[in-house]
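Enquirer: Below is the file start-v9.txt, which contains compact mmCIF, C-alpha atoms.
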```
# COMPACT_ATOMS: atom_id res chain seq x y z
CA MET S 21 32.24 84.22 95.77
CA LYS S 22 33.58 87.72 95.13
CA THR S 23 30.25 89.54 95.00
CA LYS S 24 27.44 88.42 97.30
CA ILE S 25 24.04 89.48 98.53
CA LEU S 26 23.99 90.32 102.24
CA ASN S 27 20.25 90.92 102.43
CA LEU S 28 17.18 91.89 100.41
CA GLN S 29 14.22 93.91 101.67
CA PHE S 30 10.80 94.96 100.40
CA ALA S 31 8.86 97.69 102.23
CA PHE S 32 5.13 98.37 101.95
CA PHE S 33 3.97 101.83 103.05
CA LEU S 34 0.29 101.82 104.01
CA ARG S 35 -2.13 104.62 103.25
CA ASP S 36 -3.87 104.41 106.62
CA ILE S 37 -2.70 103.82 110.16
CA VAL S 38 -3.69 100.33 111.31
CA GLU S 39 -4.61 100.32 114.99
CA ARG S 40 -4.25 96.53 115.47
CA PRO S 41 -1.76 95.13 112.96
CA ASP S 42 -1.69 91.85 114.90
CA LEU S 43 -5.36 91.32 114.04
CA GLU S 44 -5.30 92.86 110.56
CA PHE S 45 -2.37 90.73 109.41
CA GLY S 46 -2.94 87.71 111.63
CA GLU S 47 -3.05 85.29 108.66
CA LEU S 48 0.15 86.55 107.04
CA ASN S 49 2.28 83.61 108.16
CA SER S 50 -0.20 80.98 107.01
CA ARG S 51 -0.47 82.70 103.63
CA MET S 52 3.34 82.55 103.44
CA LEU S 53 3.22 78.77 104.05
CA ASN S 54 4.62 79.15 107.57
CA ALA S 55 7.87 80.73 106.39
CA PHE S 56 8.04 82.52 109.77
CA ASP S 57 8.15 79.41 111.93
CA ALA S 58 9.78 80.95 115.01
CA MET S 59 7.71 82.30 117.91
CA PRO S 60 6.30 85.71 116.87
CA GLN S 61 7.33 88.68 118.95
CA MET S 62 4.62 91.11 120.04
CA ILE S 63 5.78 94.55 121.16
CA PRO S 64 3.40 96.66 123.32
CA THR S 65 4.20 99.86 121.45
CA PRO S 66 2.46 102.98 122.86
CA ARG S 67 0.38 104.85 120.28
CA GLU S 68 2.34 108.00 121.13
CA LEU S 69 5.37 106.57 119.32
CA PRO S 70 5.77 107.04 115.54
CA PRO S 71 3.59 104.59 113.55
CA GLU S 72 6.72 103.19 111.83
CA VAL S 73 7.82 101.48 115.05
CA PRO S 74 7.22 97.69 114.78
CA VAL S 75 4.49 96.17 116.91
CA MET S 76 4.92 92.61 115.63
CA ILE S 77 8.03 90.78 114.40
CA LEU S 78 7.87 87.47 112.53
CA LYS S 79 11.00 85.37 111.94
CA SER S 80 12.05 82.04 110.55
CA SER S 81 13.83 79.72 112.97
CA ASN S 82 16.96 79.69 110.78
CA GLY S 83 17.13 83.50 110.68
CA MET S 84 16.69 83.74 106.91
CA TYR S 85 13.30 85.50 106.80
CA ASN S 86 12.08 88.43 108.86
CA CYS S 87 8.92 90.54 108.71
CA ASN S 88 8.49 93.71 110.78
CA ILE S 89 4.89 94.92 110.98
CA SER S 90 4.07 98.40 112.25
CA ARG S 91 0.92 100.52 112.15
CA SER S 92 2.00 102.21 108.91
CA ARG S 93 4.38 99.86 107.08
CA ILE S 94 5.47 96.26 106.60
CA ASP S 95 9.07 95.23 105.88
CA PHE S 96 9.95 91.77 104.56
CA THR S 97 13.66 90.90 104.69
CA LEU S 98 15.71 87.95 103.47
CA VAL S 99 19.19 87.54 105.00
CA ARG S 100 21.94 85.38 103.53
CA ILE S 101 22.65 82.43 105.84
CA ASP S 102 24.29 80.07 103.33
CA GLU S 103 27.64 81.28 102.01
CA ASN S 104 27.51 78.76 99.17
CA LYS S 105 24.08 79.68 97.83
CA SER S 106 24.21 81.67 94.59
CA ASN S 107 22.98 85.24 94.41
CA SER S 108 20.51 84.30 91.66
CA ASP S 109 18.97 81.54 93.81
CA ILE S 110 18.60 83.94 96.75
CA LEU S 111 16.95 86.56 94.54
CA LYS S 112 14.64 83.94 93.02
CA ASP S 113 13.57 82.76 96.48
CA PHE S 114 12.95 86.33 97.59
CA ASN S 115 10.84 87.20 94.53
CA ALA S 116 8.75 84.02 94.84
CA LYS S 117 7.79 84.81 98.43
CA LEU S 118 7.29 88.48 97.64
CA SER S 119 4.65 87.71 95.03
CA GLY S 120 2.42 86.02 97.60
CA LEU S 121 3.08 88.74 100.17
CA ILE S 122 2.05 91.52 97.77
CA LYS S 123 -1.26 89.79 97.06
CA TYR S 124 -2.05 89.24 100.73
CA ILE S 125 -1.22 92.77 101.91
CA LEU S 126 -3.18 94.46 99.12
CA GLU S 127 -6.21 92.37 100.09
CA LYS S 128 -5.99 93.95 103.54
CA GLN S 129 -4.79 97.53 103.09
CA GLU S 130 -4.09 100.16 100.44
CA VAL S 131 -0.38 100.64 99.74
CA VAL S 132 0.84 104.05 98.53
CA ARG S 133 4.60 103.52 98.40
CA PHE S 134 7.00 100.62 98.04
CA GLY S 135 10.73 100.15 98.55
CA MET S 136 13.06 97.44 97.19
CA ILE S 137 16.44 97.36 98.90
CA ALA S 138 19.51 95.21 98.28
CA ARG S 139 22.81 95.18 100.15
CA TYR S 140 25.82 93.59 98.46
CA PHE S 141 29.45 93.14 99.45
CA HIS S 142 32.08 93.00 96.69
CA LYS S 143 35.49 91.77 97.83
CA ASP S 144 38.25 94.14 96.70
CA ASN S 145 41.60 94.63 98.45
CA THR S 146 42.05 97.99 96.69
CA ALA S 147 38.48 99.24 97.13
CA VAL S 148 39.39 102.92 97.59
CA ARG S 149 41.46 102.87 94.40
CA THR S 150 38.68 101.12 92.50
CA LEU S 151 36.09 103.75 93.47
CA ARG S 152 38.54 106.59 92.87
CA ASN S 153 39.25 105.39 89.32
CA LYS S 154 35.61 104.78 88.49
CA TYR S 155 33.83 107.75 90.07
CA PHE S 156 36.27 110.45 91.21
CA THR S 157 39.08 112.72 90.04
CA ASN S 158 42.66 113.14 91.24
CA SER S 159 41.41 115.41 94.02
CA VAL S 160 40.70 112.37 96.21
CA ASP S 161 44.17 110.83 95.83
CA GLY S 162 45.53 109.73 99.21
CA SER S 163 42.07 109.14 100.70
CA GLU S 164 41.69 106.26 103.14
CA GLU S 165 37.88 106.33 103.05
CA LEU S 166 35.67 106.87 100.03
CA SER S 167 31.93 106.72 99.38
CA LEU S 168 29.27 108.23 97.16
CA ARG S 169 25.48 108.47 96.97
CA TYR S 170 23.29 109.36 94.02
CA ASN S 171 19.75 108.94 92.70
CA LYS S 172 18.64 108.22 89.11
CA PRO S 173 14.82 108.53 89.05
CA THR S 174 12.72 107.16 86.20
CA ASN S 175 9.02 107.18 85.36
CA SER S 176 7.04 103.97 85.13
CA PHE S 177 3.31 103.15 85.22
CA GLY S 178 2.63 106.80 86.05
CA TYR S 179 4.94 106.83 89.07
CA THR S 180 8.30 108.47 89.68
CA VAL S 181 10.60 105.68 90.82
CA ASN S 182 13.83 106.59 92.62
CA ASP S 183 16.95 104.47 92.16
CA ILE S 184 19.22 105.46 95.05
CA LEU S 185 22.74 104.05 95.25
CA GLU S 186 25.15 104.24 98.16
CA ILE S 187 28.62 102.85 97.39
CA SER S 188 31.38 102.73 100.00
CA ALA S 189 34.84 101.28 100.47
CA VAL S 190 34.66 99.32 103.74
CA ASP S 191 36.49 96.93 106.04
CA ALA S 192 34.16 94.04 106.82
CA VAL S 193 34.22 90.82 108.81
CA ASN S 194 32.68 87.83 107.03
CA ASN S 195 32.49 84.55 108.95
CA GLY S 196 35.09 85.92 111.35
CA VAL S 197 37.51 86.80 108.53
CA PRO S 198 38.45 90.49 107.98
CA GLU S 199 37.98 91.54 104.35
CA LYS S 200 38.30 94.73 102.39
CA GLY S 201 35.72 95.51 99.79
CA ILE S 202 32.90 97.65 98.47
CA LEU S 203 29.48 97.82 100.12
CA VAL S 204 26.62 98.63 97.75
CA LEU S 205 23.16 99.62 98.94
CA ARG S 206 20.53 99.98 96.22
CA ASP S 207 17.16 101.45 97.29
CA ILE S 208 14.41 101.55 94.65
CA ASN S 209 11.24 103.33 95.80
CA ASN S 210 8.44 105.47 94.43
CA THR S 211 7.60 109.07 95.19
CA LEU S 212 4.21 109.44 96.84
CA LYS S 213 1.46 110.20 94.32
CA PRO S 214 -1.47 112.09 95.93
CA ASN S 215 -4.84 110.34 96.07
CA THR S 216 -3.44 107.17 94.50
CA HIS S 217 -2.73 103.67 95.75
CA PHE S 218 -1.38 100.54 94.08
CA ASP S 219 -3.48 97.75 92.68
CA PHE S 220 -2.05 94.24 92.61
CA SER S 221 -1.19 94.31 88.91
CA THR S 222 0.72 97.61 89.02
CA LEU S 223 2.73 96.81 92.15
CA SER S 224 3.57 93.34 90.84
CA GLN S 225 4.69 94.72 87.48
CA LEU S 226 6.80 97.41 89.15
CA SER S 227 8.52 94.88 91.39
CA GLN S 228 9.16 92.57 88.42
CA LYS S 229 10.47 95.42 86.28
CA TYR S 230 12.95 96.70 88.86
CA ALA S 231 13.97 93.38 90.44
CA PRO S 232 16.72 92.84 87.80
CA LYS S 233 18.43 96.00 89.12
CA LEU S 234 19.10 94.06 92.32
CA SER S 235 20.89 91.27 90.46
CA GLU S 236 24.57 90.39 90.78
CA ALA S 237 25.26 91.50 87.20
CA GLU S 238 23.80 94.97 87.81
CA ILE S 239 25.73 95.42 91.05
CA GLU S 240 29.04 94.33 89.54
CA VAL S 241 28.72 97.01 86.85
CA LEU S 242 28.84 99.54 89.71
CA VAL S 243 32.01 98.24 91.36
CA LYS S 244 34.25 97.13 88.48
```
What is this file in structure tokens?
Expert:
Amino acid sequence: MKTKILNLQFAFFLRDIVERPDLEFGELNSRMLNAFDAMPQMIPTPRELPPEVPVMILKSSNGMYNCNISRSRIDFTLVRIDENKSNSDILKDFNAKLSGLIKYILEKQEVVRFGMIARYFHKDNTAVRTLRNKYFTNSVDGSEELSLRYNKPTNSFGYTVNDILEISAVDAVNNGVPEKGILVLRDINNTLKPNTHFDFSTLSQLSQKYAPKLSEAEIEVLVK
């Protein structure tokens, strides 16, 4: 597989600070059909620390699913553990679990921002040359390292939605094997809209609309 998902992430940013996330979201795992079947980790985080610091971490025993819960945000992550599983199957699995998670969290708290993040690795032995030819001019000839970052915001459902891309030529180690290639990070998130929070329908439609941007086909357009 030349282009593969490394991990997918969805972040929920809460309107209010939750003093006891362990109590507020205590049924999250059961609502996710026990996807996080490993022993949960509780972290006695002092209230003096920033509210983004996790106080509870849920994981699956195989390491595929992870959920960090803090006083102000919740991050659900899927990590590739099967090298033979297709990118489309991984994305489908992620979206199926995300649908239930969105419903549960919005029943508990108001969400004011979201983030959808995908990290891909595209194998390419001439990664610097590929990026130079696609994105740069002759001024970068001779470079040994090359990367770029840009944002293409759009408007949807009354929200400004950022589409941030970070593309870098990297040396990676996959399954103990050194490989050259291109690392792509795509971060889709909304700009905070004052005095507004998401309802289930809007957040679901936004996630469904932008999920295709995390697909293999969309990523390969960026690196070929």
Enquirer: Taking all atoms listed in the file into account, name the residue in S:Asn49, S:Ile63, S:Asp102, S:Glu39 that is nearest to S:Leu78.
Expert: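 Residue with the minimum atom-to-atom distance to S:Leu78: S:Asn49.
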Enquirer: Tell me, as a PyMOL selection string, which residues lie within 8 Å of stretch 184-199 of chain S, counting all atoms listed in the file; anything in the same chain fewer than 3 positions away does not count.
Expert: chain S and resi 143+145+147-148+151+165-172+202-208
Enquirer: Calculate how many Å separate atom CA of S:Leu28 from atom CA of S:Lys112, rounding to one decimal.
Expert: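 Computing it gives 11.1 Å between the two atoms.
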Enquirer: What's the separation between atom CA of S:Val160 and atom CA of S:Tyr140, in Å to one decimal place?
Expert: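 Rounded to one decimal, the two atoms are 24.1 Å apart.
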Enquirer: Could you make a table, as JSON lines, of the residues of stretch 32-107 of chain S that have an atom within 9 Å of an atom of stretch 116-131 of chain S, each with its nearest atom pair and distance in Å to one decimal, counting only C-alpha atoms, in chain and number order?
Expert:
```
{"residue": "S:Phe32", "atom": "CA", "partner": "S:Val131", "partner_atom": "CA", "distance": 6.4}
{"residue": "S:Phe33", "atom": "CA", "partner": "S:Val131", "partner_atom": "CA", "distance": 5.6}
{"residue": "S:Leu34", "atom": "CA", "partner": "S:Val131", "partner_atom": "CA", "distance": 4.5}
{"residue": "S:Arg35", "atom": "CA", "partner": "S:Val131", "partner_atom": "CA", "distance": 5.6}
{"residue": "S:Asp36", "atom": "CA", "partner": "S:Glu130", "partner_atom": "CA", "distance": 7.5}
{"residue": "S:Val38", "atom": "CA", "partner": "S:Gln129", "partner_atom": "CA", "distance": 8.8}
{"residue": "S:Glu44", "atom": "CA", "partner": "S:Lys128", "partner_atom": "CA", "distance": 7.1}
{"residue": "S:Phe45", "atom": "CA", "partner": "S:Lys128", "partner_atom": "CA", "distance": 7.6}
{"residue": "S:Glu47", "atom": "CA", "partner": "S:Tyr124", "partner_atom": "CA", "distance": 8.9}
{"residue": "S:Leu48", "atom": "CA", "partner": "S:Tyr124", "partner_atom": "CA", "distance": 7.2}
{"residue": "S:Arg51", "atom": "CA", "partner": "S:Tyr124", "partner_atom": "CA", "distance": 7.3}
{"residue": "S:Met52", "atom": "CA", "partner": "S:Gly120", "partner_atom": "CA", "distance": 6.9}
{"residue": "S:Ala55", "atom": "CA", "partner": "S:Lys117", "partner_atom": "CA", "distance": 8.9}
{"residue": "S:Arg93", "atom": "CA", "partner": "S:Val131", "partner_atom": "CA", "distance": 8.8}
{"residue": "S:Ile94", "atom": "CA", "partner": "S:Ile125", "partner_atom": "CA", "distance": 8.9}
{"residue": "S:Phe96", "atom": "CA", "partner": "S:Leu118", "partner_atom": "CA", "distance": 8.1}
```
Enquirer: Between atom CA of S:Ser80 and atom CA of S:Arg100, measure the distance and give it in Å to one decimal.
Expert: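 Separating atom CA of S:Ser80 from atom CA of S:Arg100 is a distance of 12.6 Å.
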Enquirer: With distances taken over only C-alpha atoms, which of S:Met84, S:Ile89, S:Val132, S:Leu234 is nearest to S:Thr65?
Expert: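 Under the stated criterion, the closest residue is S:Ile89.
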Enquirer: Just need the box for stretch 73-78 of chain S, edges along x, y and z, holding every atom the file lists for it with 3 Å tacked onto each side, so centre and edge lengths in Å to one decimal, as AutoDock Vina command-line options.
Expert:
```
--center_x 6.3 --center_y 94.5 --center_z 114.7 --size_x 9.5 --size_y 20.0 --size_z 10.4
```
Enquirer: Using all atoms listed in the file, which of S:Gln61, S:Thr23, S:Asn210, S:Asn88 sits nearest S:Asn104?
Expert: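 Comparing S:Gln61, S:Thr23, S:Asn210, S:Asn88 against S:Asn104, the winner is S:Thr23.
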Enquirer: Have a look at S:Asn182, S:Thr150, S:Gln29, S:Ser92 and name the one nearest to S:Pro70; count all atoms listed in the file.
Expert: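 Residue with the minimum atom-to-atom distance to S:Pro70: S:Ser92.
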Enquirer: From the list S:Lys154, S:Lys229, S:Lys22, S:His142, which residue is nearest S:Val181 when using all atoms listed in the file?
Expert: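 Nearest candidate to S:Val181 out of S:Lys154, S:Lys229, S:Lys22, S:His142: S:Lys229.
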Enquirer: S:Met59, S:Ala31, S:Met21, S:Leu111: which is nearest S:Leu223, counting all atoms listed in the file?
Expert: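 Between S:Met59, S:Ala31, S:Met21, S:Leu111, the residue approaching S:Leu223 most closely is S:Ala31.
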Enquirer: How would you write as a list of chain:residue names the residues that get within 12 Å of (20.1, 83.3, 105.8) in the file's frame, counting all atoms listed in the file?
Expert: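 The requested residues, written out, are S:Ile25, S:Leu26, S:Asn27, S:Leu28, S:Lys79, S:Ser80, S:Ser81, S:Asn82, S:Gly83, S:Met84, S:Tyr85, S:Asn86, S:Thr97, S:Leu98, S:Val99, S:Arg100, S:Ile101, S:Asp102, S:Glu103, S:Asn104, S:Lys105, S:Asn107, S:Ile110, S:Asp113, S:Phe114.
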